[in-house]
$ cat target_25.cif   # mmCIF, C-alpha atoms
data_model
#
loop_
_atom_site.group_PDB
_atom_site.id
_atom_site.type_symbol
_atom_site.label_atom_id
_atom_site.label_comp_id
_atom_site.auth_asym_id
_atom_site.auth_seq_id
_atom_site.Cartn_x
_atom_site.Cartn_y
_atom_site.Cartn_z
ATOM 1 C CA MET A 1 326.762 132.242 67.303
ATOM 2 C CA LEU A 2 325.363 135.760 67.053
ATOM 3 C CA VAL A 3 324.409 137.242 70.433
ATOM 4 C CA SER A 4 321.925 140.099 70.323
ATOM 5 C CA THR A 5 320.804 142.799 72.712
ATOM 6 C CA ILE A 6 317.324 144.227 72.234
ATOM 7 C CA VAL A 7 315.974 147.102 74.329
ATOM 8 C CA LEU A 8 312.253 147.868 74.525
ATOM 9 C CA GLN A 9 310.636 150.825 76.207
ATOM 10 C CA ILE A 10 307.467 149.592 77.935
ATOM 11 C CA THR A 11 304.882 151.817 79.596
ATOM 12 C CA LYS A 12 305.058 151.583 83.397
ATOM 13 C CA LYS A 13 301.479 150.324 83.629
ATOM 14 C CA ASP A 14 302.421 147.325 81.468
ATOM 15 C CA LEU A 15 305.560 146.360 83.397
ATOM 16 C CA PRO A 16 303.602 144.111 85.820
ATOM 17 C CA LYS A 17 302.552 141.963 82.838
ATOM 18 C CA LEU A 18 306.198 141.199 82.099
ATOM 19 C CA LYS A 19 307.017 140.529 85.739
ATOM 20 C CA ASP A 20 304.070 138.136 86.081
ATOM 21 C CA TYR A 21 305.141 136.291 82.920
ATOM 22 C CA TYR A 22 308.745 135.821 84.094
ATOM 23 C CA VAL A 23 308.104 135.571 87.843
ATOM 24 C CA ASP A 24 309.234 131.938 88.037
ATOM 25 C CA TYR A 25 312.486 132.738 86.242
ATOM 26 C CA ILE A 26 313.619 135.765 88.255
ATOM 27 C CA THR A 27 317.120 135.077 89.577
ATOM 28 C CA LYS A 28 317.796 138.376 91.328
ATOM 29 C CA VAL A 29 316.840 142.051 91.544
ATOM 30 C CA PRO A 30 319.883 144.209 90.697
ATOM 31 C CA ALA A 31 320.113 147.758 92.033
ATOM 32 C CA ASN A 32 317.723 150.195 90.329
ATOM 33 C CA SER A 33 315.973 147.371 88.460
ATOM 34 C CA LEU A 34 312.553 145.752 88.733
ATOM 35 C CA PHE A 35 313.827 142.227 88.098
ATOM 36 C CA LEU A 36 316.372 140.088 86.257
ATOM 37 C CA ALA A 37 315.122 136.806 84.791
ATOM 38 C CA LYS A 38 316.722 134.066 82.713
ATOM 39 C CA PHE A 39 314.394 132.342 80.271
ATOM 40 C CA ASN A 40 315.248 130.140 77.263
ATOM 41 C CA ASN A 41 318.890 131.282 77.259
ATOM 42 C CA VAL A 42 317.849 134.946 77.278
ATOM 43 C CA THR A 43 318.582 137.338 80.158
ATOM 44 C CA ILE A 44 315.729 139.809 80.671
ATOM 45 C CA THR A 45 316.419 142.877 82.802
ATOM 46 C CA ALA A 46 313.538 145.246 83.518
ATOM 47 C CA TYR A 47 313.923 148.703 85.040
ATOM 48 C CA HIS A 48 311.433 150.883 86.885
ATOM 49 C CA SER A 49 311.758 153.443 84.066
ATOM 50 C CA GLY A 50 310.092 150.989 81.680
ATOM 51 C CA LYS A 51 313.280 149.999 79.880
ATOM 52 C CA VAL A 52 313.510 146.241 79.336
ATOM 53 C CA MET A 53 316.708 144.675 77.985
ATOM 54 C CA PHE A 54 316.837 141.243 76.317
ATOM 55 C CA GLN A 55 320.286 139.663 75.904
ATOM 56 C CA GLY A 56 321.151 136.330 74.295
ATOM 57 C CA GLN A 57 321.021 134.287 71.116
ATOM 58 C CA GLN A 58 317.205 134.297 71.148
ATOM 59 C CA ALA A 59 316.841 137.943 72.238
ATOM 60 C CA VAL A 60 314.952 138.952 69.092
ATOM 61 C CA THR A 61 312.506 136.064 69.417
ATOM 62 C CA GLU A 62 311.868 136.729 73.100
ATOM 63 C CA SER A 63 311.539 140.506 72.737
ATOM 64 C CA ASN A 64 309.081 140.058 69.868
ATOM 65 C CA LYS A 65 306.562 138.717 72.397
ATOM 66 C CA TRP A 66 306.345 142.230 73.846
ATOM 67 C CA GLN A 67 306.538 144.382 70.718
ATOM 68 C CA LYS A 68 302.845 145.252 71.057
ATOM 69 C CA LEU A 69 303.572 146.964 74.375
ATOM 70 C CA ALA A 70 306.725 148.709 73.206
ATOM 71 C CA THR A 71 306.883 152.436 72.473
ATOM 72 C CA ASN A 72 310.284 152.037 70.789
ATOM 73 C CA THR A 73 312.789 149.338 69.900
ATOM 74 C CA LYS A 74 316.555 149.408 69.951
ATOM 75 C CA GLY A 75 318.714 146.460 69.087
ATOM 76 C CA SER A 76 322.240 145.419 68.352
ATOM 77 C CA SER A 77 324.110 142.339 67.208
ATOM 78 C CA ARG A 78 327.796 143.096 67.588
ATOM 79 C CA GLY A 79 327.301 146.698 66.624
ATOM 80 C CA GLN A 80 324.379 146.365 64.202
ATOM 81 C CA GLY A 81 321.489 148.796 64.508
ATOM 82 C CA SER A 82 317.783 148.324 65.094
ATOM 83 C CA VAL A 83 316.251 144.920 64.334
ATOM 84 C CA ASN A 84 314.438 146.584 61.422
ATOM 85 C CA GLU A 85 317.492 148.359 60.024
ATOM 86 C CA HIS A 86 318.356 146.143 57.076
ATOM 87 C CA ASP A 87 317.965 145.911 53.305
ATOM 88 C CA TYR A 88 314.918 143.653 53.490
ATOM 89 C CA MET A 89 312.322 146.107 54.776
ATOM 90 C CA PRO A 90 309.166 146.006 52.620
ATOM 91 C CA PRO A 91 307.992 149.042 50.633
ATOM 92 C CA ASP A 92 304.765 150.648 51.902
ATOM 93 C CA THR A 93 303.056 149.620 48.664
ATOM 94 C CA LEU A 94 303.373 145.954 49.681
ATOM 95 C CA PHE A 95 300.630 146.240 52.294
ATOM 96 C CA ARG A 96 298.113 147.393 49.678
ATOM 97 C CA SER A 97 299.127 144.763 47.129
ATOM 98 C CA ALA A 98 298.745 141.014 46.709
ATOM 99 C CA HIS A 99 301.491 139.214 48.597
ATOM 100 C CA ILE A 100 302.407 136.201 50.717
ATOM 101 C CA GLY A 101 302.739 136.560 54.479
ATOM 102 C CA THR A 102 304.140 134.092 57.029
ATOM 103 C CA ASP A 103 303.890 133.761 60.788
ATOM 104 C CA GLU A 104 304.239 131.097 63.471
ATOM 105 C CA ALA A 105 302.781 129.953 66.791
ATOM 106 C CA GLY A 106 303.968 127.833 69.700
ATOM 107 C CA THR A 107 307.579 128.992 69.856
ATOM 108 C CA GLY A 108 307.411 130.262 73.437
ATOM 109 C CA ASP A 109 305.181 127.450 74.714
ATOM 110 C CA TYR A 110 306.761 124.571 76.583
ATOM 111 C CA PHE A 111 304.074 122.126 75.521
ATOM 112 C CA GLY A 112 302.929 121.636 71.964
ATOM 113 C CA PRO A 113 304.436 121.946 68.494
ATOM 114 C CA ILE A 114 305.609 124.907 66.458
ATOM 115 C CA THR A 115 303.192 125.729 63.665
ATOM 116 C CA VAL A 116 303.989 127.974 60.699
ATOM 117 C CA SER A 117 301.628 129.200 57.993
ATOM 118 C CA ALA A 118 302.144 130.994 54.696
ATOM 119 C CA VAL A 119 299.110 132.802 53.270
ATOM 120 C CA TYR A 120 298.541 134.528 49.944
ATOM 121 C CA VAL A 121 296.038 137.382 50.013
ATOM 122 C CA PRO A 122 295.070 138.849 46.616
ATOM 123 C CA GLU A 123 294.627 142.603 46.476
ATOM 124 C CA GLU A 124 290.859 142.390 46.025
ATOM 125 C CA LYS A 125 290.507 140.371 49.261
ATOM 126 C CA ILE A 126 292.465 142.685 51.580
ATOM 127 C CA GLY A 127 289.513 144.924 52.430
ATOM 128 C CA LEU A 128 287.204 141.958 52.996
ATOM 129 C CA LEU A 129 289.584 140.220 55.363
ATOM 130 C CA LYS A 130 290.083 143.421 57.345
ATOM 131 C CA SER A 131 286.311 143.789 57.666
ATOM 132 C CA LEU A 132 286.105 140.226 58.994
ATOM 133 C CA GLY A 133 288.537 141.168 61.754
ATOM 134 C CA ILE A 134 291.642 139.434 60.436
ATOM 135 C CA THR A 135 294.321 140.833 62.712
ATOM 136 C CA ASP A 136 297.212 139.653 64.880
ATOM 137 C CA SER A 137 296.215 136.377 66.554
ATOM 138 C CA LYS A 138 297.876 137.492 69.815
ATOM 139 C CA THR A 139 295.020 139.976 70.320
ATOM 140 C CA LEU A 140 292.300 137.344 69.814
ATOM 141 C CA THR A 141 290.792 134.623 71.983
ATOM 142 C CA ASP A 142 291.211 130.998 70.931
ATOM 143 C CA ASP A 143 287.496 130.744 70.169
ATOM 144 C CA ARG A 144 287.659 133.784 67.900
ATOM 145 C CA ILE A 145 290.747 132.400 66.176
ATOM 146 C CA ARG A 146 288.880 129.183 65.355
ATOM 147 C CA VAL A 147 286.036 131.177 63.810
ATOM 148 C CA LEU A 148 288.332 133.395 61.732
ATOM 149 C CA ALA A 149 290.389 130.440 60.515
ATOM 150 C CA LYS A 150 287.188 128.885 59.168
ATOM 151 C CA GLU A 151 286.308 132.201 57.481
ATOM 152 C CA LEU A 152 289.683 132.219 55.711
ATOM 153 C CA VAL A 153 289.075 128.698 54.437
ATOM 154 C CA LYS A 154 285.544 129.667 53.387
ATOM 155 C CA GLU A 155 286.934 132.583 51.366
ATOM 156 C CA LYS A 156 289.303 130.112 49.645
ATOM 157 C CA ILE A 157 292.391 132.083 50.654
ATOM 158 C CA PRO A 158 295.438 130.045 49.499
ATOM 159 C CA TYR A 159 297.616 128.885 52.383
ATOM 160 C CA THR A 160 300.024 126.205 53.563
ATOM 161 C CA LEU A 161 300.668 124.954 57.064
ATOM 162 C CA MET A 162 303.731 123.327 58.597
ATOM 163 C CA THR A 163 303.768 121.578 61.980
ATOM 164 C CA LEU A 164 306.950 120.639 63.842
ATOM 165 C CA HIS A 165 305.913 118.117 66.491
ATOM 166 C CA ASN A 166 307.819 117.773 69.726
ATOM 167 C CA ASP A 167 309.591 114.487 68.993
ATOM 168 C CA LYS A 168 311.148 115.962 65.858
ATOM 169 C CA TYR A 169 311.781 119.321 67.580
ATOM 170 C CA ASN A 170 313.778 117.607 70.328
ATOM 171 C CA GLN A 171 315.735 115.530 67.808
ATOM 172 C CA LEU A 172 316.727 118.649 65.883
ATOM 173 C CA GLN A 173 317.609 120.489 69.083
ATOM 174 C CA LYS A 174 319.977 117.667 70.046
ATOM 175 C CA LYS A 175 321.590 118.042 66.608
ATOM 176 C CA SER A 176 322.415 121.667 67.583
ATOM 177 C CA TRP A 177 319.582 123.240 65.610
ATOM 178 C CA ASN A 178 318.469 126.287 67.558
ATOM 179 C CA GLN A 179 314.872 127.424 67.408
ATOM 180 C CA GLY A 180 315.780 130.183 64.953
ATOM 181 C CA LYS A 181 316.963 127.650 62.391
ATOM 182 C CA MET A 182 313.922 125.446 62.923
ATOM 183 C CA LYS A 183 311.603 128.386 62.326
ATOM 184 C CA ALA A 184 313.542 129.591 59.298
ATOM 185 C CA MET A 185 313.226 126.179 57.669
ATOM 186 C CA LEU A 186 309.531 125.936 58.534
ATOM 187 C CA HIS A 187 308.822 129.392 57.103
ATOM 188 C CA GLN A 188 310.790 128.649 53.951
ATOM 189 C CA HIS A 189 309.131 125.273 53.377
ATOM 190 C CA ALA A 190 305.698 126.851 53.905
ATOM 191 C CA ILE A 191 306.553 129.531 51.326
ATOM 192 C CA GLN A 192 307.868 127.010 48.799
ATOM 193 C CA LYS A 193 304.806 124.788 49.172
ATOM 194 C CA LEU A 194 302.493 127.767 48.681
ATOM 195 C CA LEU A 195 304.365 128.976 45.601
ATOM 196 C CA LYS A 196 304.105 125.487 44.153
ATOM 197 C CA LYS A 197 300.390 125.395 44.912
ATOM 198 C CA MET A 198 299.900 128.779 43.235
ATOM 199 C CA GLU A 199 302.245 127.859 40.357
ATOM 200 C CA ALA A 200 303.488 131.468 40.322
ATOM 201 C CA ALA A 201 305.070 133.999 42.644
ATOM 202 C CA PRO A 202 303.044 137.124 43.486
ATOM 203 C CA ASP A 203 304.473 140.255 41.878
ATOM 204 C CA ALA A 204 304.430 142.173 45.155
ATOM 205 C CA GLY A 205 306.555 139.652 47.039
ATOM 206 C CA ILE A 206 306.749 137.765 50.322
ATOM 207 C CA LEU A 207 306.725 139.166 53.858
ATOM 208 C CA ILE A 208 308.085 137.171 56.804
ATOM 209 C CA ASP A 209 307.220 138.212 60.341
ATOM 210 C CA GLN A 210 310.785 138.787 61.506
ATOM 211 C CA PHE A 211 312.060 136.607 64.354
ATOM 212 C CA CYS A 212 315.780 136.990 63.600
ATOM 213 C CA GLN A 213 317.964 139.185 61.432
ATOM 214 C CA PRO A 214 317.568 138.435 57.688
ATOM 215 C CA SER A 215 321.270 137.555 57.522
ATOM 216 C CA SER A 216 320.729 134.816 60.117
ATOM 217 C CA TYR A 217 317.627 133.542 58.315
ATOM 218 C CA ILE A 218 319.509 133.367 55.012
ATOM 219 C CA LYS A 219 322.405 131.575 56.724
ATOM 220 C CA HIS A 220 320.064 129.009 58.284
ATOM 221 C CA ILE A 221 318.360 128.026 55.034
ATOM 222 C CA LYS A 222 321.621 128.179 53.055
ATOM 223 C CA GLN A 223 323.060 125.532 55.374
ATOM 224 C CA GLU A 224 320.309 123.229 54.087
ATOM 225 C CA GLY A 225 320.862 124.138 50.428
ATOM 226 C CA ILE A 226 317.939 126.563 50.110
ATOM 227 C CA LYS A 227 318.020 130.071 48.641
ATOM 228 C CA LEU A 228 315.844 132.998 49.630
ATOM 229 C CA GLU A 229 313.019 133.656 47.167
ATOM 230 C CA LYS A 230 313.174 136.899 45.204
ATOM 231 C CA GLN A 231 311.337 139.879 46.711
ATOM 232 C CA THR A 232 311.331 138.431 50.219
ATOM 233 C CA TYR A 233 310.998 141.014 52.988
ATOM 234 C CA PHE A 234 311.303 140.931 56.779
ATOM 235 C CA MET A 235 309.905 143.178 59.501
ATOM 236 C CA THR A 236 308.896 142.903 63.140
ATOM 237 C CA LYS A 237 305.227 143.364 64.058
ATOM 238 C CA ALA A 238 304.402 142.608 60.418
ATOM 239 C CA GLU A 239 300.944 141.339 61.390
ATOM 240 C CA SER A 240 300.029 144.937 62.338
ATOM 241 C CA TYR A 241 300.659 146.106 58.771
ATOM 242 C CA SER A 242 300.103 143.100 56.516
ATOM 243 C CA THR A 243 296.737 141.368 56.204
ATOM 244 C CA ALA A 244 298.538 138.344 54.752
ATOM 245 C CA VAL A 245 300.787 138.015 57.813
ATOM 246 C CA ALA A 246 297.792 138.550 60.124
ATOM 247 C CA ALA A 247 295.951 135.762 58.282
ATOM 248 C CA ALA A 248 299.007 133.523 58.616
ATOM 249 C CA SER A 249 299.172 134.234 62.345
ATOM 250 C CA ILE A 250 295.531 133.138 62.717
ATOM 251 C CA ILE A 251 295.930 129.913 60.732
ATOM 252 C CA ALA A 252 299.138 129.011 62.564
ATOM 253 C CA ARG A 253 297.543 129.739 65.948
ATOM 254 C CA ALA A 254 294.359 127.827 65.100
ATOM 255 C CA LYS A 255 296.468 124.766 64.277
ATOM 256 C CA PHE A 256 298.491 125.174 67.477
ATOM 257 C CA VAL A 257 295.305 125.384 69.570
ATOM 258 C CA LYS A 258 293.949 122.271 67.842
ATOM 259 C CA GLU A 259 297.163 120.383 68.569
ATOM 260 C CA MET A 260 297.091 121.459 72.216
ATOM 261 C CA ASP A 261 293.520 120.185 72.552
ATOM 262 C CA LYS A 262 294.677 116.891 71.038
ATOM 263 C CA LEU A 263 297.564 116.640 73.518
ATOM 264 C CA SER A 264 295.196 117.305 76.424
ATOM 265 C CA SER A 265 292.901 114.530 75.221
ATOM 266 C CA GLN A 266 295.802 112.092 74.886
ATOM 267 C CA ALA A 267 297.301 113.019 78.275
ATOM 268 C CA GLY A 268 293.981 112.929 80.137
ATOM 269 C CA VAL A 269 294.726 116.327 81.672
ATOM 270 C CA THR A 270 294.450 119.899 80.417
ATOM 271 C CA ILE A 271 297.796 120.870 78.898
ATOM 272 C CA PRO A 272 298.364 124.593 79.609
ATOM 273 C CA LYS A 273 299.845 127.016 77.120
ATOM 274 C CA GLY A 274 302.826 129.256 77.808
ATOM 275 C CA ALA A 275 305.727 128.558 80.144
ATOM 276 C CA SER A 276 304.380 129.451 83.606
ATOM 277 C CA SER A 277 304.524 127.668 86.972
ATOM 278 C CA LYS A 278 301.233 125.990 86.041
ATOM 279 C CA VAL A 279 303.074 124.456 83.099
ATOM 280 C CA ASP A 280 305.815 123.216 85.453
ATOM 281 C CA GLU A 281 303.247 121.600 87.746
ATOM 282 C CA THR A 282 301.500 119.874 84.842
ATOM 283 C CA ALA A 283 304.833 118.595 83.535
ATOM 284 C CA ALA A 284 305.679 117.295 87.017
ATOM 285 C CA TYR A 285 302.362 115.441 87.155
ATOM 286 C CA LEU A 286 303.087 113.812 83.788
ATOM 287 C CA ILE A 287 306.617 112.852 84.877
ATOM 288 C CA LYS A 288 305.257 111.162 88.003
ATOM 289 C CA LYS A 289 302.591 109.348 86.008
ATOM 290 C CA HIS A 290 304.508 108.336 82.872
ATOM 291 C CA GLY A 291 308.189 109.117 83.422
ATOM 292 C CA LEU A 292 310.459 111.823 81.997
ATOM 293 C CA ALA A 293 310.836 110.161 78.578
ATOM 294 C CA HIS A 294 307.100 110.569 77.990
ATOM 295 C CA LEU A 295 307.510 114.360 77.904
ATOM 296 C CA SER A 296 309.582 114.284 74.712
ATOM 297 C CA SER A 297 306.434 113.814 72.639
ATOM 298 C CA LEU A 298 304.648 116.640 74.449
ATOM 299 C CA ALA A 299 307.199 119.325 75.257
ATOM 300 C CA LYS A 300 310.299 121.248 74.200
ATOM 301 C CA MET A 301 312.675 119.472 76.523
ATOM 302 C CA HIS A 302 315.497 122.052 76.560
ATOM 303 C CA PHE A 303 313.242 124.722 78.086
ATOM 304 C CA ALA A 304 313.986 125.567 81.712
ATOM 305 C CA ASN A 305 310.538 124.181 82.592
ATOM 306 C CA THR A 306 311.925 120.628 82.442
ATOM 307 C CA ASP A 307 314.318 121.215 85.343
ATOM 308 C CA LYS A 308 311.618 123.006 87.315
ATOM 309 C CA ALA A 309 309.177 120.149 86.685
ATOM 310 C CA LEU A 310 311.723 117.591 87.871
ATOM 311 C CA LYS A 311 312.096 119.499 91.148
ATOM 312 C CA TYR A 312 308.304 119.585 91.553
ATOM 313 C CA ALA A 313 308.127 115.849 90.811
ATOM 314 C CA LYS A 314 310.593 115.031 93.613
ATOM 315 C CA ARG A 315 308.475 116.717 96.277
#
$ encode --input "target_25.cif" --output "structure tokens"
Amino acid sequence: MLVSTIVLQITKKDLPKLKDYYVDYITKVPANSLFLAKFNNVTITAYHSGKVMFQGQQAVTESNKWQKLATNTKGSSRGQGSVNEHDYMPPDTLFRSAHIGTDEAGTGDYFGPITVSAVYVPEEKIGLLKSLGITDSKTLTDDRIRVLAKELVKEKIPYTLMTLHNDKYNQLQKKSWNQGKMKAMLHQHAIQKLLKKMEAAPDAGILIDQFCQPSSYIKHIKQEGIKLEKQTYFMTKAESYSTAVAAASIIARAKFVKEMDKLSSQAGVTIPKGASSKVDETAAYLIKKHGLAHLSSLAKMHFANTDKALKYAKR
């Protein structure tokens, strides 16, 4: 499988945010570095200079969490260039035209499903959605996301939504589907459903918020007998440029938040988001109360949190 190395340059004032996020996964502190952590099969090495290196099969996915804080991005996959150096970059005119955008939520969270949305924003609605505050969901509170998702529905913006629940996620993972393939299939199914709903493809095209190289995405869907739609583009941080992708990020996140609330209600305890030590402690509580097998309907079992939770549960 393709192993990537992504290097981000983070401002020194933001480095503590990364360290706090990975604090439970720090394995050592090499010379001249701030920390070295191993998380979801990715090795993250941060340096005092602000350079942060992500290495592993899911390096692109993991580094994308921090793109907002990055001042530059360098990447390689066996000699390839930047993650955005490919033939599928969108033209600047796309952002001012009607197009479909896709984004996902829940991929880095131990608990809860992965949700993916595809949204079509007509040209005449772009300005309106921007004025409503449709932007990257990562910059918004959950309450605000709920409000904006309702606004998108009120404006009758065409969209589709796919949800991969944990039972199915864990089944696919045991069949050697990595998260990249799962997301590729979810994105592609969301796009196909939306095109069918619209009964026509938008002239401007389709923009996918890039979580892996286009070649990997195409390989994933090809394995399942699916071809890439014409005029499909990929770019990282697409939600910062495309109103359609920003809208998709909000709808996907709103669904994820709703599913997490549902899980909390079913479990009788607040299910935390993310992959922190609080998540480990909650998982340990659920293991003690219901047994390890119960987690398969709530969590992504291959995450390192499972082993950490088991250790907590034995105390």
$ residues_around --input "target_25.cif" --residues "Pro214 (chain A)" --least-positions-apart "5" --cutoff "10 Å" --atoms "only C-alpha atoms" --output "list in words"
Val83, Asn84, His86, Asp87, Tyr88, Met89, Ala184, Ile208, Lys219, His220, Leu228, Thr232, Tyr233, Phe234 and Met235 of chain A
$ write_last_selection --input "target_25.cif" --atoms "C-alpha atoms" --output "PDB file, keeping the file's coordinate frame"
ATOM      1  CA  VAL A  83     316.251 144.920  64.334  1.00  0.00           C
ATOM      2  CA  ASN A  84     314.438 146.584  61.422  1.00  0.00           C
ATOM      3  CA  HIS A  86     318.356 146.143  57.076  1.00  0.00           C
ATOM      4  CA  ASP A  87     317.965 145.911  53.305  1.00  0.00           C
ATOM      5  CA  TYR A  88     314.918 143.653  53.490  1.00  0.00           C
ATOM      6  CA  MET A  89     312.322 146.107  54.776  1.00  0.00           C
ATOM      7  CA  ALA A 184     313.542 129.591  59.298  1.00  0.00           C
ATOM      8  CA  ILE A 208     308.085 137.171  56.804  1.00  0.00           C
ATOM      9  CA  LYS A 219     322.405 131.575  56.724  1.00  0.00           C
ATOM     10  CA  HIS A 220     320.064 129.009  58.284  1.00  0.00           C
ATOM     11  CA  LEU A 228     315.844 132.998  49.630  1.00  0.00           C
ATOM     12  CA  THR A 232     311.331 138.431  50.219  1.00  0.00           C
ATOM     13  CA  TYR A 233     310.998 141.014  52.988  1.00  0.00           C
ATOM     14  CA  PHE A 234     311.303 140.931  56.779  1.00  0.00           C
ATOM     15  CA  MET A 235     309.905 143.178  59.501  1.00  0.00           C
TER      16      MET A 235
END
$ residues_around --input "target_25.cif" --residues "region 93-106 of chain A" --least-positions-apart "6" --cutoff "7 Å" --atoms "all atoms listed in the file" --output "ChimeraX atom specification"
/A:112-123,187,202,204-209,241-242,244-245,248-249,252-253,256
$ resolve_selection --input "target_25.cif" --expression "the PyMOL selection byres ((chain A and resi 311) around 12)" --output "JSON, numbers by chain"
{"A": [277, 280, 281, 283, 284, 285, 287, 288, 304, 305, 306, 307, 308, 309, 310, 312, 313, 314, 315]}
$ resolve_selection --input "target_25.cif" --expression "the PyMOL selection byres ((chain A and resi 195) around 10)" --output "list in words"
Ile100, Ala118, Tyr120, Pro158, Tyr159, Thr160, His189, Ala190, Ile191, Gln192, Lys193, Leu194, Lys196, Lys197, Met198, Glu199, Ala200, Ala201, Pro202 and Glu229 of chain A
$ resolve_selection --input "target_25.cif" --expression "the PyMOL selection byres ((chain A and resi 110) around 8)" --output "VMD selection string"
chain A and resid 108 to 109 111 to 112 273 to 275 279 299 to 301 303 305
$ closest_residue --input "target_25.cif" --among "A:Lys289, A:Lys181, A:Lys125, A:His165" --to "Gln213 (chain A)" --atoms "only C-alpha atoms"
A:Lys181
$ atom_distance --input "target_25.cif" --atom1 "CA of Phe211 (chain A)" --atom2 "CA of Lys237 (chain A)"
9.6 Å
$ residues_around --input "target_25.cif" --residues "Thr243 (chain A)" --least-positions-apart "3" --cutoff "7 Å" --atoms "only C-alpha atoms" --output "list in words"
Ile126, Ile134, Thr135, Glu239, Ala246 and Ala247 of chain A
$ atom_distance --input "target_25.cif" --atom1 "CA of Ser176 (chain A)" --atom2 "CA of His290 (chain A)"
27.1 Å
$ atom_distance --input "target_25.cif" --atom1 "CA of Leu132 (chain A)" --atom2 "CA of Gln188 (chain A)"
27.7 Å
$ closest_residue --input "target_25.cif" --among "A:Val29, A:Cys212, A:Ala254, A:Val60" --to "Leu140 (chain A)" --atoms "all atoms listed in the file"
A:Ala254
